[in-house]
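Structure data follow from my_file-v2.pdb (PDB, C-alpha atoms):
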```pdb
ATOM      1  CA  MET A   1      78.188 130.456 105.731  1.00  0.00           C
ATOM      2  CA  ILE A   2      81.264 128.473 106.805  1.00  0.00           C
ATOM      3  CA  ASP A   3      83.732 127.379 104.130  1.00  0.00           C
ATOM      4  CA  LEU A   4      84.230 123.678 104.919  1.00  0.00           C
ATOM      5  CA  LYS A   5      87.214 123.289 102.568  1.00  0.00           C
ATOM      6  CA  GLN A   6      89.520 124.870 105.152  1.00  0.00           C
ATOM      7  CA  TYR A   7      88.479 122.203 107.660  1.00  0.00           C
ATOM      8  CA  TRP A   8      88.816 119.322 105.183  1.00  0.00           C
ATOM      9  CA  ALA A   9      92.429 120.289 104.588  1.00  0.00           C
ATOM     10  CA  LYS A  10      93.247 120.223 108.314  1.00  0.00           C
ATOM     11  CA  VAL A  11      93.730 116.570 108.968  1.00  0.00           C
ATOM     12  CA  PRO A  12      95.817 114.505 111.357  1.00  0.00           C
ATOM     13  CA  GLN A  13      98.765 112.859 109.680  1.00  0.00           C
ATOM     14  CA  SER A  14      97.288 109.372 109.983  1.00  0.00           C
ATOM     15  CA  VAL A  15      93.603 108.567 109.673  1.00  0.00           C
ATOM     16  CA  LEU A  16      91.937 105.176 109.982  1.00  0.00           C
ATOM     17  CA  LEU A  17      88.654 105.135 108.058  1.00  0.00           C
ATOM     18  CA  SER A  18      86.335 102.203 108.517  1.00  0.00           C
ATOM     19  CA  GLY A  19      82.724 101.399 107.871  1.00  0.00           C
ATOM     20  CA  GLY A  20      80.324  98.844 106.549  1.00  0.00           C
ATOM     21  CA  VAL A  21      80.338  99.596 102.816  1.00  0.00           C
ATOM     22  CA  PHE A  22      83.891  99.817 101.495  1.00  0.00           C
ATOM     23  CA  THR A  23      82.981 101.747  98.333  1.00  0.00           C
ATOM     24  CA  GLU A  24      81.481 104.490 100.503  1.00  0.00           C
ATOM     25  CA  VAL A  25      84.533 104.525 102.775  1.00  0.00           C
ATOM     26  CA  SER A  26      86.882 104.871  99.796  1.00  0.00           C
ATOM     27  CA  ALA A  27      84.706 107.540  98.150  1.00  0.00           C
ATOM     28  CA  PHE A  28      84.712 109.534 101.399  1.00  0.00           C
ATOM     29  CA  ALA A  29      88.506 109.194 101.705  1.00  0.00           C
ATOM     30  CA  GLU A  30      89.081 110.200  98.088  1.00  0.00           C
ATOM     31  CA  GLN A  31      86.891 113.286  98.532  1.00  0.00           C
ATOM     32  CA  TRP A  32      88.903 114.186 101.624  1.00  0.00           C
ATOM     33  CA  ALA A  33      92.161 113.653  99.693  1.00  0.00           C
ATOM     34  CA  ALA A  34      90.892 115.798  96.824  1.00  0.00           C
ATOM     35  CA  ASN A  35      90.245 118.657  99.235  1.00  0.00           C
ATOM     36  CA  ILE A  36      93.684 118.290 100.821  1.00  0.00           C
ATOM     37  CA  LEU A  37      95.336 118.341  97.389  1.00  0.00           C
ATOM     38  CA  GLN A  38      92.954 121.015  96.084  1.00  0.00           C
ATOM     39  CA  THR A  39      91.842 119.015  93.091  1.00  0.00           C
ATOM     40  CA  SER A  40      88.634 117.332  91.970  1.00  0.00           C
ATOM     41  CA  CYS A  41      87.565 113.951  93.238  1.00  0.00           C
ATOM     42  CA  GLU A  42      87.617 112.595  89.678  1.00  0.00           C
ATOM     43  CA  THR A  43      91.297 113.457  89.189  1.00  0.00           C
ATOM     44  CA  VAL A  44      92.696 112.855  92.672  1.00  0.00           C
ATOM     45  CA  ARG A  45      94.153 109.450  91.742  1.00  0.00           C
ATOM     46  CA  GLN A  46      96.175 111.048  88.920  1.00  0.00           C
ATOM     47  CA  HIS A  47      97.519 113.861  91.121  1.00  0.00           C
ATOM     48  CA  PRO A  48     101.334 113.747  91.406  1.00  0.00           C
ATOM     49  CA  ASN A  49     101.138 114.054  95.217  1.00  0.00           C
ATOM     50  CA  PHE A  50      98.778 111.100  95.630  1.00  0.00           C
ATOM     51  CA  ARG A  51      99.837 107.476  96.064  1.00  0.00           C
ATOM     52  CA  ALA A  52      97.746 104.388  96.738  1.00  0.00           C
ATOM     53  CA  LEU A  53      98.516 100.871  97.896  1.00  0.00           C
ATOM     54  CA  TYR A  54      96.257  97.919  97.213  1.00  0.00           C
ATOM     55  CA  PRO A  55      96.474  94.267  98.217  1.00  0.00           C
ATOM     56  CA  VAL A  56      98.011  92.165  95.432  1.00  0.00           C
ATOM     57  CA  ASN A  57      98.897  88.571  94.575  1.00  0.00           C
ATOM     58  CA  ARG A  58      96.922  85.441  95.363  1.00  0.00           C
ATOM     59  CA  MET A  59      97.064  86.056  99.099  1.00  0.00           C
ATOM     60  CA  ARG A  60      95.715  89.602  98.664  1.00  0.00           C
ATOM     61  CA  GLN A  61      98.341  91.149 100.886  1.00  0.00           C
ATOM     62  CA  ILE A  62     100.222  94.420 100.974  1.00  0.00           C
ATOM     63  CA  SER A  63     103.907  93.555 101.092  1.00  0.00           C
ATOM     64  CA  VAL A  64     106.677  95.258 102.994  1.00  0.00           C
ATOM     65  CA  ASP A  65     108.412  96.058  99.673  1.00  0.00           C
ATOM     66  CA  ALA A  66     105.360  97.945  98.413  1.00  0.00           C
ATOM     67  CA  LEU A  67     105.114  99.825 101.689  1.00  0.00           C
ATOM     68  CA  ARG A  68     108.823 100.688 101.639  1.00  0.00           C
ATOM     69  CA  ALA A  69     108.412 102.109  98.127  1.00  0.00           C
ATOM     70  CA  LEU A  70     105.566 104.275  99.444  1.00  0.00           C
ATOM     71  CA  ILE A  71     107.699 105.407 102.405  1.00  0.00           C
ATOM     72  CA  HIS A  72     110.570 106.278 100.044  1.00  0.00           C
ATOM     73  CA  TRP A  73     108.173 108.381  97.941  1.00  0.00           C
ATOM     74  CA  VAL A  74     106.859 110.167 101.051  1.00  0.00           C
ATOM     75  CA  TYR A  75     110.304 111.244 102.185  1.00  0.00           C
ATOM     76  CA  THR A  76     111.816 112.062  98.766  1.00  0.00           C
ATOM     77  CA  SER A  77     108.962 113.578  96.747  1.00  0.00           C
ATOM     78  CA  ALA A  78     108.325 117.231  96.036  1.00  0.00           C
ATOM     79  CA  GLN A  79     107.100 119.766  98.564  1.00  0.00           C
ATOM     80  CA  GLY A  80     103.428 120.436  99.241  1.00  0.00           C
ATOM     81  CA  ASN A  81     100.631 118.340 100.655  1.00  0.00           C
ATOM     82  CA  LYS A  82     100.933 114.617  99.980  1.00  0.00           C
ATOM     83  CA  VAL A  83      98.302 111.931 100.474  1.00  0.00           C
ATOM     84  CA  CYS A  84      98.913 108.212 100.837  1.00  0.00           C
ATOM     85  CA  MET A  85      95.891 105.932 100.670  1.00  0.00           C
ATOM     86  CA  ILE A  86      96.210 102.329 101.839  1.00  0.00           C
ATOM     87  CA  TYR A  87      93.151 100.420 100.652  1.00  0.00           C
ATOM     88  CA  GLU A  88      92.176  97.364 102.695  1.00  0.00           C
ATOM     89  CA  ALA A  89      94.829  98.230 105.273  1.00  0.00           C
ATOM     90  CA  ASP A  90      93.935  95.125 107.267  1.00  0.00           C
ATOM     91  CA  ARG A  91      95.702  93.186 104.486  1.00  0.00           C
ATOM     92  CA  LEU A  92      99.147  94.554 105.477  1.00  0.00           C
ATOM     93  CA  ASN A  93     101.385  91.610 106.248  1.00  0.00           C
ATOM     94  CA  LEU A  94     103.177  91.697 109.608  1.00  0.00           C
ATOM     95  CA  ALA A  95     106.435  93.083 108.212  1.00  0.00           C
ATOM     96  CA  ALA A  96     104.561  95.827 106.323  1.00  0.00           C
ATOM     97  CA  ALA A  97     102.511  96.737 109.405  1.00  0.00           C
ATOM     98  CA  ASN A  98     105.692  97.057 111.453  1.00  0.00           C
ATOM     99  CA  ALA A  99     107.312  99.215 108.762  1.00  0.00           C
ATOM    100  CA  LEU A 100     104.208 101.411 108.737  1.00  0.00           C
ATOM    101  CA  LEU A 101     104.588 101.957 112.481  1.00  0.00           C
ATOM    102  CA  LYS A 102     107.866 103.801 111.917  1.00  0.00           C
ATOM    103  CA  VAL A 103     106.158 106.212 109.526  1.00  0.00           C
ATOM    104  CA  LEU A 104     103.235 106.726 111.893  1.00  0.00           C
ATOM    105  CA  GLU A 105     105.618 107.470 114.768  1.00  0.00           C
ATOM    106  CA  GLU A 106     107.784 109.879 112.746  1.00  0.00           C
ATOM    107  CA  PRO A 107     105.525 111.230 109.979  1.00  0.00           C
ATOM    108  CA  ALA A 108     106.795 113.364 107.149  1.00  0.00           C
ATOM    109  CA  GLU A 109     105.631 116.971 107.060  1.00  0.00           C
ATOM    110  CA  HIS A 110     102.538 117.800 105.017  1.00  0.00           C
ATOM    111  CA  THR A 111     101.730 114.129 104.504  1.00  0.00           C
ATOM    112  CA  SER A 112      98.406 112.492 105.288  1.00  0.00           C
ATOM    113  CA  ILE A 113      98.164 108.716 105.451  1.00  0.00           C
ATOM    114  CA  PHE A 114      94.716 107.188 105.140  1.00  0.00           C
ATOM    115  CA  LEU A 115      94.179 103.569 106.158  1.00  0.00           C
ATOM    116  CA  LEU A 116      90.900 102.224 104.759  1.00  0.00           C
ATOM    117  CA  THR A 117      89.364  99.021 106.050  1.00  0.00           C
ATOM    118  CA  GLN A 118      86.168  97.221 106.872  1.00  0.00           C
ATOM    119  CA  ARG A 119      87.971  95.225 109.577  1.00  0.00           C
ATOM    120  CA  PRO A 120      89.835  97.716 111.784  1.00  0.00           C
ATOM    121  CA  TYR A 121      90.424  95.161 114.519  1.00  0.00           C
ATOM    122  CA  ASP A 122      92.499  93.063 112.105  1.00  0.00           C
ATOM    123  CA  LEU A 123      95.113  95.839 112.176  1.00  0.00           C
ATOM    124  CA  LEU A 124      97.815  95.736 114.803  1.00  0.00           C
ATOM    125  CA  PRO A 125      96.642  97.557 117.945  1.00  0.00           C
ATOM    126  CA  THR A 126      99.791  99.692 117.788  1.00  0.00           C
ATOM    127  CA  VAL A 127      98.836 100.849 114.267  1.00  0.00           C
ATOM    128  CA  ARG A 128      95.256 101.642 115.347  1.00  0.00           C
ATOM    129  CA  SER A 129      96.463 103.572 118.378  1.00  0.00           C
ATOM    130  CA  ARG A 130      98.556 105.923 116.232  1.00  0.00           C
ATOM    131  CA  CYS A 131      95.683 106.878 113.932  1.00  0.00           C
ATOM    132  CA  TRP A 132      92.770 109.225 114.221  1.00  0.00           C
ATOM    133  CA  TRP A 133      89.867 106.791 113.806  1.00  0.00           C
ATOM    134  CA  VAL A 134      86.745 107.734 111.842  1.00  0.00           C
ATOM    135  CA  GLN A 135      84.000 105.099 111.855  1.00  0.00           C
ATOM    136  CA  LEU A 136      81.525 105.821 109.062  1.00  0.00           C
ATOM    137  CA  PRO A 137      77.991 104.520 109.650  1.00  0.00           C
ATOM    138  CA  SER A 138      77.005 101.453 107.684  1.00  0.00           C
ATOM    139  CA  ASP A 139      73.804 101.225 105.647  1.00  0.00           C
ATOM    140  CA  ARG A 140      72.474  98.793 108.219  1.00  0.00           C
ATOM    141  CA  ALA A 141      73.127 101.252 111.072  1.00  0.00           C
ATOM    142  CA  LEU A 142      71.487 104.052 109.117  1.00  0.00           C
ATOM    143  CA  ALA A 143      68.525 101.823 108.294  1.00  0.00           C
ATOM    144  CA  SER A 144      68.136 100.722 111.915  1.00  0.00           C
ATOM    145  CA  SER A 145      68.352 104.328 113.161  1.00  0.00           C
ATOM    146  CA  ASP A 146      65.712 105.264 110.581  1.00  0.00           C
ATOM    147  CA  LYS A 147      63.533 102.437 111.894  1.00  0.00           C
ATOM    148  CA  VAL A 148      63.995 103.622 115.476  1.00  0.00           C
ATOM    149  CA  LEU A 149      63.164 107.179 114.475  1.00  0.00           C
ATOM    150  CA  GLN A 150      60.151 105.992 112.485  1.00  0.00           C
ATOM    151  CA  GLY A 151      59.005 103.937 115.485  1.00  0.00           C
ATOM    152  CA  CYS A 152      59.313 106.956 117.782  1.00  0.00           C
ATOM    153  CA  LEU A 153      57.366 109.123 115.359  1.00  0.00           C
ATOM    154  CA  THR A 154      54.654 106.466 115.076  1.00  0.00           C
ATOM    155  CA  ASP A 155      54.434 106.180 118.872  1.00  0.00           C
ATOM    156  CA  LEU A 156      54.275 109.953 119.234  1.00  0.00           C
ATOM    157  CA  SER A 157      51.611 110.185 116.555  1.00  0.00           C
ATOM    158  CA  GLN A 158      49.559 107.483 118.299  1.00  0.00           C
ATOM    159  CA  TYR A 159      49.987 109.242 121.661  1.00  0.00           C
ATOM    160  CA  VAL A 160      48.757 112.577 120.235  1.00  0.00           C
ATOM    161  CA  THR A 161      45.834 110.850 118.497  1.00  0.00           C
ATOM    162  CA  ASP A 162      44.821 109.075 121.723  1.00  0.00           C
ATOM    163  CA  TYR A 163      45.157 112.301 123.670  1.00  0.00           C
ATOM    164  CA  LEU A 164      42.965 114.223 121.218  1.00  0.00           C
ATOM    165  CA  GLU A 165      40.313 111.520 121.234  1.00  0.00           C
ATOM    166  CA  GLN A 166      40.005 111.975 125.019  1.00  0.00           C
ATOM    167  CA  GLY A 167      39.199 115.664 124.435  1.00  0.00           C
ATOM    168  CA  VAL A 168      42.177 116.978 126.358  1.00  0.00           C
ATOM    169  CA  PRO A 169      43.728 120.148 124.848  1.00  0.00           C
ATOM    170  CA  LEU A 170      47.423 120.027 123.964  1.00  0.00           C
ATOM    171  CA  ASP A 171      48.805 123.148 125.662  1.00  0.00           C
TER     172      ASP A 171
END
```
Would you mind giving the structure from this file in structure tokens?
Amino acid sequence: MIDLKQYWAKVPQSVLLSGGVFTEVSAFAEQWAANILQTSCETVRQHPNFRALYPVNRMRQISVDALRALIHWVYTSAQGNKVCMIYEADRLNLAAANALLKVLEEPAEHTSIFLLTQRPYDLLPTVRSRCWWVQLPSDRALASSDKVLQGCLTDLSQYVTDYLEQGVPLD
């Protein structure tokens, strides 16, 4: 049996996570962060080496000041693995996105930055290009693949039934 925890902890320094259902994307990212920080998923947000950014104010944006505070924490905090989670990363304003580029180009050691979004193409192409992109399947994609699989199984079942009714052995 392979211990998957060792693989969870090996992560590129910047990861773009996207998918159809944002709660599932964030739950997946938080589980990944918990494994990196070797804590439980329930307590990962309270871990001293975990920081999160969320869109704020009426415009629901992530400001350059908030991002600079995160960058300062990354470069001045204690040793060990650190995880930064940027929720709704597509809401970074232009100045914040440009400031993030500097961090993505020259990342701090033992730091993982997760960008979570449902709209990855709203991010600057230069930000996307510097991240390892993980596209989680949406419920709709899973449902449609289940329908395709179910259709194939139905067709196969009908084919076998027709074949047996003709009296031909299935060797």
(message) Which residues are close to Leu104 of chain A, i.e. within 8 Å by only C-alpha atoms, leaving aside same-chain residues fewer than 4 positions away? Reply as a list in words.
(response)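 Listed by chain and then number, they are Gln13, Ser14, Leu100, Val127, Arg130 and Cys131 of chain A.
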Given 8 Å of margin on each side, can you work out the centre and size in Å (one decimal) of an axis-aligned box holding every listed atom of segment 130-136 of chain A, as AutoDock Vina command-line options?
```
--center_x 90.0 --center_y 107.2 --center_z 112.6 --size_x 33.0 --size_y 20.1 --size_z 23.2
```
(message) What's around Asn98 of chain A at 12 Å? Count all atoms listed in the file, leave out sequence neighbours fewer than 6 positions away in its own chain, and write the answer as a list in words.
(response) Ser63, Val64, Leu67, Arg68, Leu92, Leu104, Glu105, Leu123, Leu124, Pro125, Thr126 and Val127 of chain A
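Atom to atom, atom CA of Asp90 of chain A and atom CA of Arg128 of chain A stand 10.5 Å apart.
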(message) Expand the PyMOL selection byres ((chain A and resi 44) around 12) into the explicit residue set it covers here, and present it as a list in words.
(response)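 Output of the PyMOL selection byres ((chain A and resi 44) around 12): Ala27, Ala29, Glu30, Gln31, Trp32, Ala33, Ala34, Asn35, Ile36, Leu37, Gln38, Thr39, Ser40, Cys41, Glu42, Thr43, Arg45, Gln46, His47, Pro48, Asn49, Phe50, Arg51, Ala52, Lys82, Val83, Cys84 and Met85 of chain A.
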(message) Could you tell me how far atom CA of Leu16 of chain A sits from atom CA of Glu88 of chain A, in Å to one decimal place?
(response)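 Answer for the atom CA of Glu88 of chain A to atom CA of Leu16 of chain A separation: 10.7 Å.
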(message) Would you compute the distance between atom CA of Val56 of chain A and atom CA of Arg91 of chain A? Give it in Å to one decimal.
(response)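 Spanning atom CA of Val56 of chain A to atom CA of Arg91 of chain A is a straight-line distance of 9.4 Å.
Proximity to Asn93 of chain A at 7 Å, evaluated using only C-alpha atoms and with sequence-adjacent residues fewer than 4 positions away removed, yields Gln61, Ile62, Ser63 and Ala97 of chain A.
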(request) Kindly indicate which residue among A:Asp65, A:Val25, A:Gln135, A:Gln79 lies nearest to Ala99 of chain A, using only C-alpha atoms for the distances. (result)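 Of all the options, A:Asp65 lies closest to Ala99 of chain A.
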